file final-v1.cif (mmCIF, C-alpha atoms and all ligand atoms)
data_run
#
loop_
_atom_site.label_atom_id
_atom_site.label_comp_id
_atom_site.auth_asym_id
_atom_site.auth_seq_id
_atom_site.Cartn_x
_atom_site.Cartn_y
_atom_site.Cartn_z
CA MET A 29 13.71 -4.86 9.25
CA ASN A 30 13.45 -1.97 6.73
CA ILE A 31 9.95 -1.10 5.54
CA VAL A 32 8.87 0.83 2.41
CA ILE A 33 5.31 2.15 2.15
CA THR A 34 3.98 4.11 -0.83
CA GLY A 35 1.27 6.73 -0.29
CA ALA A 36 1.73 7.05 3.45
CA SER A 37 0.93 10.63 4.46
CA LYS A 38 -2.70 9.73 5.14
CA GLY A 39 -5.05 6.80 5.67
CA ILE A 40 -3.94 3.18 5.80
CA GLY A 41 -0.38 3.98 4.66
CA LYS A 42 0.12 6.53 7.42
CA ALA A 43 -1.33 4.20 10.06
CA LEU A 44 1.08 1.48 8.87
CA ALA A 45 4.05 3.86 9.09
CA LEU A 46 3.08 4.84 12.64
CA LYS A 47 2.71 1.19 13.64
CA PHE A 48 6.05 0.02 12.22
CA VAL A 49 7.92 2.98 13.72
CA LYS A 50 6.25 2.35 17.09
CA GLU A 51 7.52 -1.23 16.87
CA GLY A 52 11.03 0.11 16.19
CA TYR A 53 11.40 -0.50 12.44
CA PRO A 54 12.90 2.04 9.98
CA VAL A 55 10.39 3.19 7.37
CA ALA A 56 10.65 4.91 3.99
CA VAL A 57 7.49 6.57 2.75
CA CYS A 58 6.36 8.76 -0.11
CA SER A 59 3.38 10.85 -1.12
CA ARG A 60 2.87 13.91 -3.32
CA ASN A 61 2.30 16.57 -0.66
CA GLN A 62 5.41 17.84 1.18
CA GLU A 63 3.41 19.51 3.96
CA HIS A 64 1.62 16.30 4.83
CA LEU A 65 4.95 14.46 4.86
CA ASN A 66 6.36 17.08 7.25
CA GLU A 67 3.42 16.51 9.58
CA LEU A 68 3.96 12.76 9.39
CA ASP A 69 7.67 13.20 10.09
CA LYS A 70 6.82 15.09 13.29
CA GLU A 71 4.42 12.37 14.42
CA LEU A 72 6.92 9.59 13.66
CA LYS A 73 9.64 11.38 15.65
CA GLU A 74 7.27 11.85 18.58
CA ILE A 75 6.47 8.15 18.63
CA ASN A 76 10.04 6.92 18.33
CA PRO A 77 12.83 9.47 17.85
CA LYS A 78 15.49 6.76 17.52
CA VAL A 79 14.06 5.12 14.41
CA GLU A 80 15.42 6.07 10.97
CA THR A 81 12.83 7.46 8.57
CA ILE A 82 13.03 8.42 4.90
CA LEU A 83 10.30 10.70 3.59
CA GLN A 84 10.23 11.79 -0.03
CA THR A 85 7.72 13.49 -2.27
CA ALA A 86 6.93 11.29 -5.23
CA ASP A 87 3.95 10.85 -7.49
CA VAL A 88 3.81 7.07 -7.87
CA SER A 89 2.06 7.40 -11.23
CA LYS A 90 5.28 8.97 -12.58
CA LYS A 91 8.05 6.53 -13.41
CA GLU A 92 10.87 9.04 -12.72
CA ASP A 93 9.49 9.97 -9.29
CA LEU A 94 9.25 6.32 -8.30
CA LYS A 95 12.74 5.59 -9.57
CA ASN A 96 14.15 8.53 -7.59
CA PHE A 97 12.37 7.32 -4.47
CA ALA A 98 13.76 3.81 -4.94
CA GLU A 99 17.27 5.22 -5.52
CA THR A 100 17.07 7.28 -2.33
CA ILE A 101 16.05 4.19 -0.40
CA LEU A 102 18.84 2.07 -1.86
CA SER A 103 21.42 4.78 -1.14
CA HIS A 104 20.49 4.55 2.56
CA TRP A 105 19.74 0.86 2.98
CA LYS A 106 21.43 -2.26 1.62
CA THR A 107 18.20 -4.22 1.90
CA VAL A 108 14.47 -3.72 1.93
CA ASP A 109 12.61 -6.32 3.98
CA ILE A 110 9.00 -5.28 3.50
CA LEU A 111 7.49 -3.37 0.58
CA ILE A 112 3.88 -2.24 0.95
CA ASN A 113 2.47 -1.06 -2.39
CA ASN A 114 -0.29 1.01 -0.84
CA ALA A 115 -0.75 4.22 -2.86
CA GLY A 116 -4.01 4.28 -4.73
CA VAL A 117 -6.61 6.57 -6.21
CA PHE A 118 -10.38 6.07 -6.41
CA ILE A 119 -12.30 8.10 -8.94
CA PRO A 120 -15.91 6.96 -8.69
CA GLY A 121 -17.72 6.43 -11.94
CA ALA A 122 -19.28 3.95 -14.32
CA ILE A 123 -17.32 2.80 -17.37
CA MET A 124 -20.06 4.05 -19.69
CA ASP A 125 -20.05 7.59 -18.22
CA GLU A 126 -16.57 8.30 -16.90
CA ASP A 127 -13.92 10.38 -18.63
CA GLU A 128 -12.01 8.03 -20.91
CA ASP A 129 -8.68 9.12 -19.37
CA ASN A 130 -9.74 7.74 -15.97
CA LEU A 131 -8.61 4.24 -16.75
CA GLN A 132 -5.08 5.23 -17.72
CA ARG A 133 -4.71 7.57 -14.73
CA THR A 134 -6.04 4.99 -12.32
CA ILE A 135 -3.96 2.14 -13.69
CA GLU A 136 -0.79 4.28 -13.62
CA THR A 137 -1.36 5.02 -9.93
CA ASN A 138 -2.83 1.74 -8.69
CA LEU A 139 -1.11 -0.88 -10.82
CA TYR A 140 2.02 0.34 -12.66
CA SER A 141 3.30 1.91 -9.44
CA ALA A 142 3.24 -1.47 -7.66
CA TYR A 143 4.76 -3.24 -10.68
CA ARG A 144 7.58 -0.68 -10.98
CA MET A 145 8.36 -0.28 -7.28
CA THR A 146 8.51 -4.05 -6.95
CA LYS A 147 10.94 -4.31 -9.88
CA TYR A 148 13.16 -1.56 -8.42
CA LEU A 149 13.38 -3.06 -4.92
CA LEU A 150 13.11 -6.78 -5.58
CA PRO A 151 16.82 -7.29 -6.42
CA THR A 152 17.81 -6.62 -2.77
CA MET A 153 15.27 -9.22 -1.61
CA LEU A 154 16.39 -11.77 -4.22
CA LYS A 155 19.99 -11.28 -3.14
CA LYS A 156 19.35 -12.06 0.48
CA LYS A 157 16.61 -14.60 -0.25
CA SER A 158 14.00 -13.04 2.00
CA GLY A 159 11.40 -10.33 1.95
CA HIS A 160 7.68 -9.63 2.00
CA ILE A 161 5.63 -7.68 -0.51
CA PHE A 162 2.10 -6.50 0.30
CA ASN A 163 -0.18 -5.21 -2.45
CA MET A 164 -3.09 -3.07 -1.33
CA CYS A 165 -5.87 -4.53 -3.40
CA SER A 166 -9.56 -4.26 -2.43
CA ILE A 167 -12.82 -6.18 -2.28
CA ALA A 168 -13.14 -4.49 -5.70
CA SER A 169 -10.27 -6.77 -6.82
CA PHE A 170 -12.69 -9.67 -7.10
CA GLN A 171 -16.17 -8.14 -6.91
CA ALA A 172 -17.48 -5.57 -9.38
CA TYR A 173 -19.68 -2.64 -8.31
CA PRO A 174 -21.86 -0.49 -10.60
CA ASN A 175 -19.87 2.63 -9.61
CA GLY A 176 -16.48 0.94 -9.55
CA GLY A 177 -15.43 1.77 -13.11
CA SER A 178 -11.70 2.10 -13.66
CA TYR A 179 -10.93 1.57 -9.98
CA ALA A 180 -12.21 -2.00 -10.04
CA ILE A 181 -10.38 -2.72 -13.30
CA SER A 182 -7.10 -1.50 -11.74
CA LYS A 183 -7.65 -3.47 -8.55
CA PHE A 184 -8.52 -6.66 -10.47
CA GLY A 185 -5.19 -6.09 -12.24
CA LEU A 186 -3.35 -5.56 -8.97
CA LEU A 187 -4.67 -8.84 -7.59
CA GLY A 188 -3.52 -10.55 -10.80
CA PHE A 189 -0.08 -8.96 -10.36
CA SER A 190 0.03 -10.17 -6.76
CA LYS A 191 -0.87 -13.73 -7.73
CA CYS A 192 1.76 -13.86 -10.51
CA LEU A 193 4.39 -12.48 -8.17
CA ARG A 194 3.50 -15.02 -5.50
CA GLU A 195 4.10 -17.90 -7.93
CA GLU A 196 7.39 -16.40 -9.19
CA LEU A 197 8.79 -15.71 -5.75
CA LYS A 198 7.91 -18.96 -3.97
CA PRO A 199 11.34 -20.55 -4.62
CA HIS A 200 13.13 -17.33 -3.60
CA ASN A 201 11.71 -17.34 -0.08
CA ILE A 202 9.97 -14.00 -0.68
CA LYS A 203 6.40 -13.70 0.55
CA VAL A 204 3.59 -11.95 -1.31
CA THR A 205 0.32 -10.95 0.30
CA ALA A 206 -2.73 -9.43 -1.39
CA VAL A 207 -4.63 -7.23 1.06
CA MET A 208 -8.31 -6.85 0.18
CA PRO A 209 -10.11 -4.54 2.55
CA GLY A 210 -13.70 -3.43 2.23
CA ALA A 211 -14.69 0.13 3.14
CA THR A 212 -12.13 1.37 5.67
CA TYR A 213 -12.60 4.72 7.39
CA THR A 214 -9.89 7.01 6.00
CA ASP A 215 -9.73 10.49 4.44
CA SER A 216 -10.95 9.03 1.18
CA TRP A 217 -14.39 8.48 2.81
CA LYS A 218 -14.61 11.66 4.89
CA GLY A 219 -17.70 13.72 4.17
CA VAL A 220 -19.89 10.79 3.05
CA ASP A 221 -23.23 10.43 4.76
CA ILE A 222 -22.55 7.05 6.39
CA ARG A 223 -21.85 6.51 10.09
CA GLU A 224 -18.18 5.96 10.88
CA ASP A 225 -18.98 2.81 12.87
CA ARG A 226 -20.27 1.18 9.68
CA PHE A 227 -16.66 1.10 8.35
CA ILE A 228 -13.63 -1.06 9.11
CA PRO A 229 -11.35 0.92 11.45
CA VAL A 230 -7.97 1.54 9.83
CA GLU A 231 -6.22 -0.10 12.82
CA ASP A 232 -7.85 -3.44 11.93
CA VAL A 233 -6.24 -3.42 8.48
CA VAL A 234 -2.91 -2.40 10.02
CA ASN A 235 -3.06 -5.16 12.62
CA MET A 236 -3.79 -7.81 9.99
CA ILE A 237 -0.80 -6.69 7.91
CA TYR A 238 1.50 -6.40 10.90
CA THR A 239 0.49 -9.85 12.14
CA ALA A 240 1.19 -11.34 8.69
CA THR A 241 4.80 -10.12 9.04
CA LEU A 242 5.24 -12.10 12.25
CA LEU A 243 4.85 -15.62 10.82
CA SER A 244 7.78 -17.97 10.47
CA ASP A 245 9.65 -18.42 7.17
CA ARG A 246 7.65 -21.59 6.61
CA SER A 247 4.29 -19.91 6.00
CA VAL A 248 2.75 -16.99 4.19
CA VAL A 249 -0.63 -15.27 4.38
CA GLU A 250 -1.48 -15.11 0.67
CA ASP A 251 -4.75 -13.17 0.95
CA ILE A 252 -6.23 -10.92 3.58
CA ILE A 253 -9.95 -10.30 3.02
CA ILE A 254 -11.48 -8.00 5.59
CA ARG A 255 -14.99 -6.55 5.46
CA PRO A 256 -17.24 -4.39 7.63
CA GLN A 257 -19.08 -6.67 10.04
CA LEU A 258 -22.42 -5.54 8.53
CA GLY A 259 -21.18 -6.23 5.00
CA ASP A 260 -19.94 -4.15 2.09
CA ILE A 261 -20.78 -0.49 1.54
CA ALA A 262 -21.41 -0.27 -2.18
N1 LIG A 301 -10.22 3.22 2.41
C1 LIG A 301 -10.84 2.20 1.83
O1 LIG A 301 -12.06 2.00 2.00
C2 LIG A 301 -10.07 1.23 0.99
C3 LIG A 301 -10.64 -0.03 0.70
C4 LIG A 301 -9.94 -0.92 -0.09
C5 LIG A 301 -8.69 -0.60 -0.58
N2 LIG A 301 -8.17 0.63 -0.29
C6 LIG A 301 -6.86 0.93 -0.85
O2 LIG A 301 -5.95 1.25 0.19
C7 LIG A 301 -4.99 2.19 -0.26
C8 LIG A 301 -4.96 3.39 0.68
O3 LIG A 301 -6.25 3.97 0.73
P1 LIG A 301 -6.65 5.07 1.81
O4 LIG A 301 -8.11 4.98 1.99
O5 LIG A 301 -5.75 4.97 2.98
O6 LIG A 301 -6.35 6.40 0.97
P2 LIG A 301 -6.21 7.92 1.48
O7 LIG A 301 -6.66 8.09 2.87
O8 LIG A 301 -6.84 8.73 0.41
O9 LIG A 301 -4.62 8.14 1.44
C9 LIG A 301 -3.94 7.91 0.24
C10 LIG A 301 -2.47 8.17 0.45
O10 LIG A 301 -1.78 7.90 -0.77
C11 LIG A 301 -1.15 9.10 -1.24
N3 LIG A 301 -1.26 9.12 -2.69
C12 LIG A 301 -2.38 9.16 -3.46
N4 LIG A 301 -2.06 9.21 -4.76
C13 LIG A 301 -0.69 9.19 -4.82
C14 LIG A 301 0.24 9.27 -5.86
N5 LIG A 301 -0.14 9.35 -7.14
N6 LIG A 301 1.56 9.25 -5.56
C15 LIG A 301 1.99 9.19 -4.28
N7 LIG A 301 1.14 9.12 -3.24
C16 LIG A 301 -0.19 9.14 -3.51
C17 LIG A 301 -1.87 10.25 -0.55
O11 LIG A 301 -1.04 11.39 -0.37
P3 LIG A 301 -0.97 12.60 -1.46
O12 LIG A 301 -2.38 12.89 -1.86
O13 LIG A 301 -0.29 13.72 -0.74
O14 LIG A 301 -0.14 12.09 -2.58
C18 LIG A 301 -2.16 9.61 0.81
O15 LIG A 301 -1.03 9.69 1.64
C19 LIG A 301 -5.38 2.54 -1.69
O16 LIG A 301 -4.66 1.76 -2.60
C20 LIG A 301 -6.86 2.17 -1.74
O17 LIG A 301 -7.31 1.87 -3.04
C21 LIG A 301 -8.81 1.55 0.49
#
call {"tool": "encode", "arguments": {"input": "final-v1.cif", "output": "structure tokens", "more": "lines below"}}
Ligand SMILES: NC(=O)c1ccc[n+]([C@@H]2O[C@H](COP(=O)([O-])OP(=O)(O)OC[C@H]3O[C@@H](n4cnc5c(N)ncnc54)[C@H](OP(=O)(O)O)[C@@H]3O)[C@@H](O)[C@H]2O)c1
result
Amino acid sequence: MNIVITGASKGIGKALALKFVKEGYPVAVCSRNQEHLNELDKELKEINPKVETILQTADVSKKEDLKNFAETILSHWKTVDILINNAGVFIPGAIMDEDEDNLQRTIETNLYSAYRMTKYLLPTMLKKKSGHIFNMCSIASFQAYPNGGSYAISKFGLLGFSKCLREELKPHNIKVTAVMPGATYTDSWKGVDIREDRFIPVEDVVNMIYTATLLSDRSVVEDIIIRPQLGDIA
């Protein structure tokens, strides 16, 4: 099983890469920072030196970068079995106050990237009539927050994308799962004045996604909603 994860040098994406490599699956990952990718490469090799890994710098908000990443993957692998559209950016702010460019920037990173990467890699899945696409949505995909601004708009869009894709791909035996975590303790939260144990541990999100890949061909987990036990952190 070949796995592609966008935005995987930190946070949920990195934890997913570590998990899949530990389980013996080849992974292809991207992020913008080469140094962080080098560190990840070292960690992946320590966990399982036999597993093939592809690491490439790419800014998912840039069409050319994404295309190059997809081309690299397809030059190494005939098929992609699992695509996890994970890369995302969160710029806090209210619609009425935020810089008007925030929406475009956020949608390019959080929504167009998933749309494009899916279009680039889907043909291999269609050809072999199997595959699984995960879209990293959020509780903010269905619940608005006062400080959600462009982020929530992009994540509502990503959930819409996921639902459309699910309907399209049903007859092609390709699964689509929308992952909607609440506040999960990753780098994006570091420095905030909230106790770590108030957050979802990143491993819980990883385990839900990994488990969803283990089901038979006859079923699909369409939505994963996971929240801190004490409720949302707004
Ligand atoms: N943590 C949460 O509470 C939470 C809750 C719900 C949903 N989510 C979603 O889960 C996903 C991962 O979040 P996270 O908390 O794990 O984030 P994170 O810790 O900030 O890590 C984000 C990762 O994505 C990469 N990335 C960011 N922008 C990118 C770009 N334009 N192109 C390529 N790579 C990019 C980063 O590397 P570089 O900076 O080097 O590019 C990094 O590896 C996001 O889509 C986020 O919206 C997170």
call {"tool": "closest_atom_pairs", "arguments": {"input": "final-v1.cif", "of": "chain A", "to": "ligand LIG 301 (chain A)", "cutoff": "6 Å", "atoms": "all atoms listed in the file", "output": "JSON lines"}}
result
{"residue": "A:Gly35", "atom": "CA", "partner": "A:LIG301", "partner_atom": "O10", "distance": 3.3}
{"residue": "A:Ala36", "atom": "CA", "partner": "A:LIG301", "partner_atom": "O15", "distance": 4.2}
{"residue": "A:Ser37", "atom": "CA", "partner": "A:LIG301", "partner_atom": "O15", "distance": 3.6}
{"residue": "A:Lys38", "atom": "CA", "partner": "A:LIG301", "partner_atom": "O15", "distance": 3.9}
{"residue": "A:Gly39", "atom": "CA", "partner": "A:LIG301", "partner_atom": "O5", "distance": 3.3}
{"residue": "A:Ile40", "atom": "CA", "partner": "A:LIG301", "partner_atom": "O5", "distance": 3.8}
{"residue": "A:Gly41", "atom": "CA", "partner": "A:LIG301", "partner_atom": "O5", "distance": 5.7}
{"residue": "A:Ser59", "atom": "CA", "partner": "A:LIG301", "partner_atom": "N7", "distance": 3.5}
{"residue": "A:Arg60", "atom": "CA", "partner": "A:LIG301", "partner_atom": "O14", "distance": 3.6}
{"residue": "A:Asn61", "atom": "CA", "partner": "A:LIG301", "partner_atom": "O13", "distance": 3.9}
{"residue": "A:Ala86", "atom": "CA", "partner": "A:LIG301", "partner_atom": "C15", "distance": 5.5}
{"residue": "A:Asp87", "atom": "CA", "partner": "A:LIG301", "partner_atom": "N6", "distance": 3.5}
{"residue": "A:Val88", "atom": "CA", "partner": "A:LIG301", "partner_atom": "N6", "distance": 3.9}
{"residue": "A:Ser89", "atom": "CA", "partner": "A:LIG301", "partner_atom": "N5", "distance": 5.0}
{"residue": "A:Asn114", "atom": "CA", "partner": "A:LIG301", "partner_atom": "O16", "distance": 4.8}
{"residue": "A:Ala115", "atom": "CA", "partner": "A:LIG301", "partner_atom": "O10", "distance": 4.4}
{"residue": "A:Gly116", "atom": "CA", "partner": "A:LIG301", "partner_atom": "O16", "distance": 3.4}
{"residue": "A:Val117", "atom": "CA", "partner": "A:LIG301", "partner_atom": "N4", "distance": 5.5}
{"residue": "A:Thr137", "atom": "CA", "partner": "A:LIG301", "partner_atom": "N5", "distance": 5.3}
{"residue": "A:Met164", "atom": "CA", "partner": "A:LIG301", "partner_atom": "O16", "distance": 5.2}
{"residue": "A:Cys165", "atom": "CA", "partner": "A:LIG301", "partner_atom": "C5", "distance": 5.6}
{"residue": "A:Ser166", "atom": "CA", "partner": "A:LIG301", "partner_atom": "C4", "distance": 4.1}
{"residue": "A:Pro209", "atom": "CA", "partner": "A:LIG301", "partner_atom": "C4", "distance": 4.5}
{"residue": "A:Gly210", "atom": "CA", "partner": "A:LIG301", "partner_atom": "C3", "distance": 4.8}
{"residue": "A:Ala211", "atom": "CA", "partner": "A:LIG301", "partner_atom": "O1", "distance": 3.4}
{"residue": "A:Thr212", "atom": "CA", "partner": "A:LIG301", "partner_atom": "O1", "distance": 3.7}
{"residue": "A:Tyr213", "atom": "CA", "partner": "A:LIG301", "partner_atom": "N1", "distance": 5.7}
{"residue": "A:Thr214", "atom": "CA", "partner": "A:LIG301", "partner_atom": "O7", "distance": 4.6}
{"residue": "A:Asp215", "atom": "CA", "partner": "A:LIG301", "partner_atom": "O7", "distance": 4.2}
{"residue": "A:Ser216", "atom": "CA", "partner": "A:LIG301", "partner_atom": "O8", "distance": 4.2}
call {"tool": "residues_around", "arguments": {"input": "final-v1.cif", "residues": "Val55 of chain A", "least_positions_apart": "6", "cutoff": "12 Å", "atoms": "only C-alpha atoms", "output": "number ranges by chain"}}
result
A: 29-34, 36, 41-42, 44-49, 68-69, 72-73, 76, 78-84, 101, 104-105, 108-112
call {"tool": "atom_distance", "arguments": {"input": "final-v1.cif", "atom1": "atom CA of Lys203 of chain A", "atom2": "atom CA of Gly159 of chain A"}}
result
6.2 Å
call {"tool": "closest_residue", "arguments": {"input": "final-v1.cif", "among": "A:Glu195, A:Ala43, A:Gln171, A:Asn96", "to": "Asp232 of chain A", "atoms": "all atoms listed in the file"}}
result
A:Ala43
call {"tool": "residues_near_point", "arguments": {"input": "final-v1.cif", "point": "(1.7, -12.2, 1.0)", "cutoff": "6 Å", "atoms": "only C-alpha atoms", "output": "count of residues only"}}
result
8
call {"tool": "closest_residue", "arguments": {"input": "final-v1.cif", "among": "A:Leu139, A:Met145, A:Met236, A:Ile119", "to": "Asp93 of chain A", "atoms": "all atoms listed in the file"}}
result
A:Met145
call {"tool": "atom_distance", "arguments": {"input": "final-v1.cif", "atom1": "atom CA of Ile181 of chain A", "atom2": "atom CA of Asn130 of chain A"}}
result
10.8 Å
call {"tool": "atom_distance", "arguments": {"input": "final-v1.cif", "atom1": "atom CA of Asp225 of chain A", "atom2": "atom CA of Ala262 of chain A"}}
result
15.6 Å
call {"tool": "closest_residue", "arguments": {"input": "final-v1.cif", "among": "A:Tyr179, A:Trp217, A:Phe170, A:Phe189", "to": "Leu131 of chain A", "atoms": "all atoms listed in the file"}}
result
A:Tyr179
call {"tool": "residues_around", "arguments": {"input": "final-v1.cif", "residues": "Glu126 of chain A", "least_positions_apart": "5", "cutoff": "10 Å", "atoms": "only C-alpha atoms", "output": "list in words"}}
result
Ile119, Pro120, Gly121, Leu131, Asn175, Gly177 and Ser178 of chain A
call {"tool": "residues_around", "arguments": {"input": "final-v1.cif", "residues": "Leu193 of chain A", "least_positions_apart": "5", "cutoff": "10 Å", "atoms": "only C-alpha atoms", "output": "NGL selection string"}}
result
:A and (143 or 146 or 161 or 187-188 or 198 or 202-205)
call {"tool": "closest_residue", "arguments": {"input": "final-v1.cif", "among": "A:Ile254, A:Asn235, A:His200, A:Glu99", "to": "Met153 of chain A", "atoms": "only C-alpha atoms"}}
result
A:His200
call {"tool": "closest_residue", "arguments": {"input": "final-v1.cif", "among": "A:Asp129, A:Lys191, A:Ser158, A:Val220", "to": "Thr241 of chain A", "atoms": "only C-alpha atoms"}}
result
A:Ser158
call {"tool": "build_atoms", "arguments": {"input": "final-v1.cif", "residues": "segment 52-69 of chain A", "atoms": "N, CA and C atoms", "output": "short mmCIF file (atom, residue, chain, number, x, y, z; two decimals), in the frame of the given file"}}
result
data_model
loop_
_atom_site.label_atom_id
_atom_site.label_comp_id
_atom_site.auth_asym_id
_atom_site.auth_seq_id
_atom_site.Cartn_x
_atom_site.Cartn_y
_atom_site.Cartn_z
N GLY A 52 9.57 -0.05 16.26
CA GLY A 52 11.03 0.11 16.19
C GLY A 52 11.66 -0.15 14.83
N TYR A 53 10.85 -0.21 13.77
CA TYR A 53 11.40 -0.50 12.44
C TYR A 53 11.58 0.79 11.61
N PRO A 54 12.71 0.91 10.90
CA PRO A 54 12.90 2.04 9.98
C PRO A 54 11.88 1.99 8.84
N VAL A 55 11.35 3.16 8.49
CA VAL A 55 10.39 3.19 7.37
C VAL A 55 10.78 4.24 6.34
N ALA A 56 10.51 3.94 5.08
CA ALA A 56 10.65 4.91 3.99
C ALA A 56 9.27 5.08 3.37
N VAL A 57 8.83 6.33 3.27
CA VAL A 57 7.49 6.57 2.75
C VAL A 57 7.51 7.68 1.70
N CYS A 58 6.50 7.66 0.85
CA CYS A 58 6.36 8.76 -0.11
C CYS A 58 4.90 9.16 -0.21
N SER A 59 4.69 10.38 -0.66
CA SER A 59 3.38 10.85 -1.12
C SER A 59 3.65 12.13 -1.90
N ARG A 60 2.61 12.76 -2.45
CA ARG A 60 2.87 13.91 -3.32
C ARG A 60 2.99 15.23 -2.56
N ASN A 61 2.41 15.30 -1.37
CA ASN A 61 2.30 16.57 -0.66
C ASN A 61 3.36 16.71 0.43
N GLN A 62 4.28 17.67 0.23
CA GLN A 62 5.41 17.84 1.18
C GLN A 62 4.92 18.21 2.58
N GLU A 63 3.91 19.08 2.64
CA GLU A 63 3.41 19.51 3.96
C GLU A 63 2.90 18.34 4.78
N HIS A 64 2.16 17.46 4.11
CA HIS A 64 1.62 16.30 4.83
C HIS A 64 2.75 15.37 5.29
N LEU A 65 3.79 15.29 4.46
CA LEU A 65 4.95 14.46 4.86
C LEU A 65 5.66 15.07 6.06
N ASN A 66 5.74 16.42 6.09
CA ASN A 66 6.36 17.08 7.25
C ASN A 66 5.58 16.78 8.53
N GLU A 67 4.26 16.81 8.40
CA GLU A 67 3.42 16.51 9.58
C GLU A 67 3.64 15.07 10.03
N LEU A 68 3.72 14.17 9.05
CA LEU A 68 3.96 12.76 9.39
C LEU A 68 5.31 12.60 10.08
N ASP A 69 6.32 13.29 9.53
CA ASP A 69 7.67 13.20 10.09
C ASP A 69 7.66 13.56 11.57
#
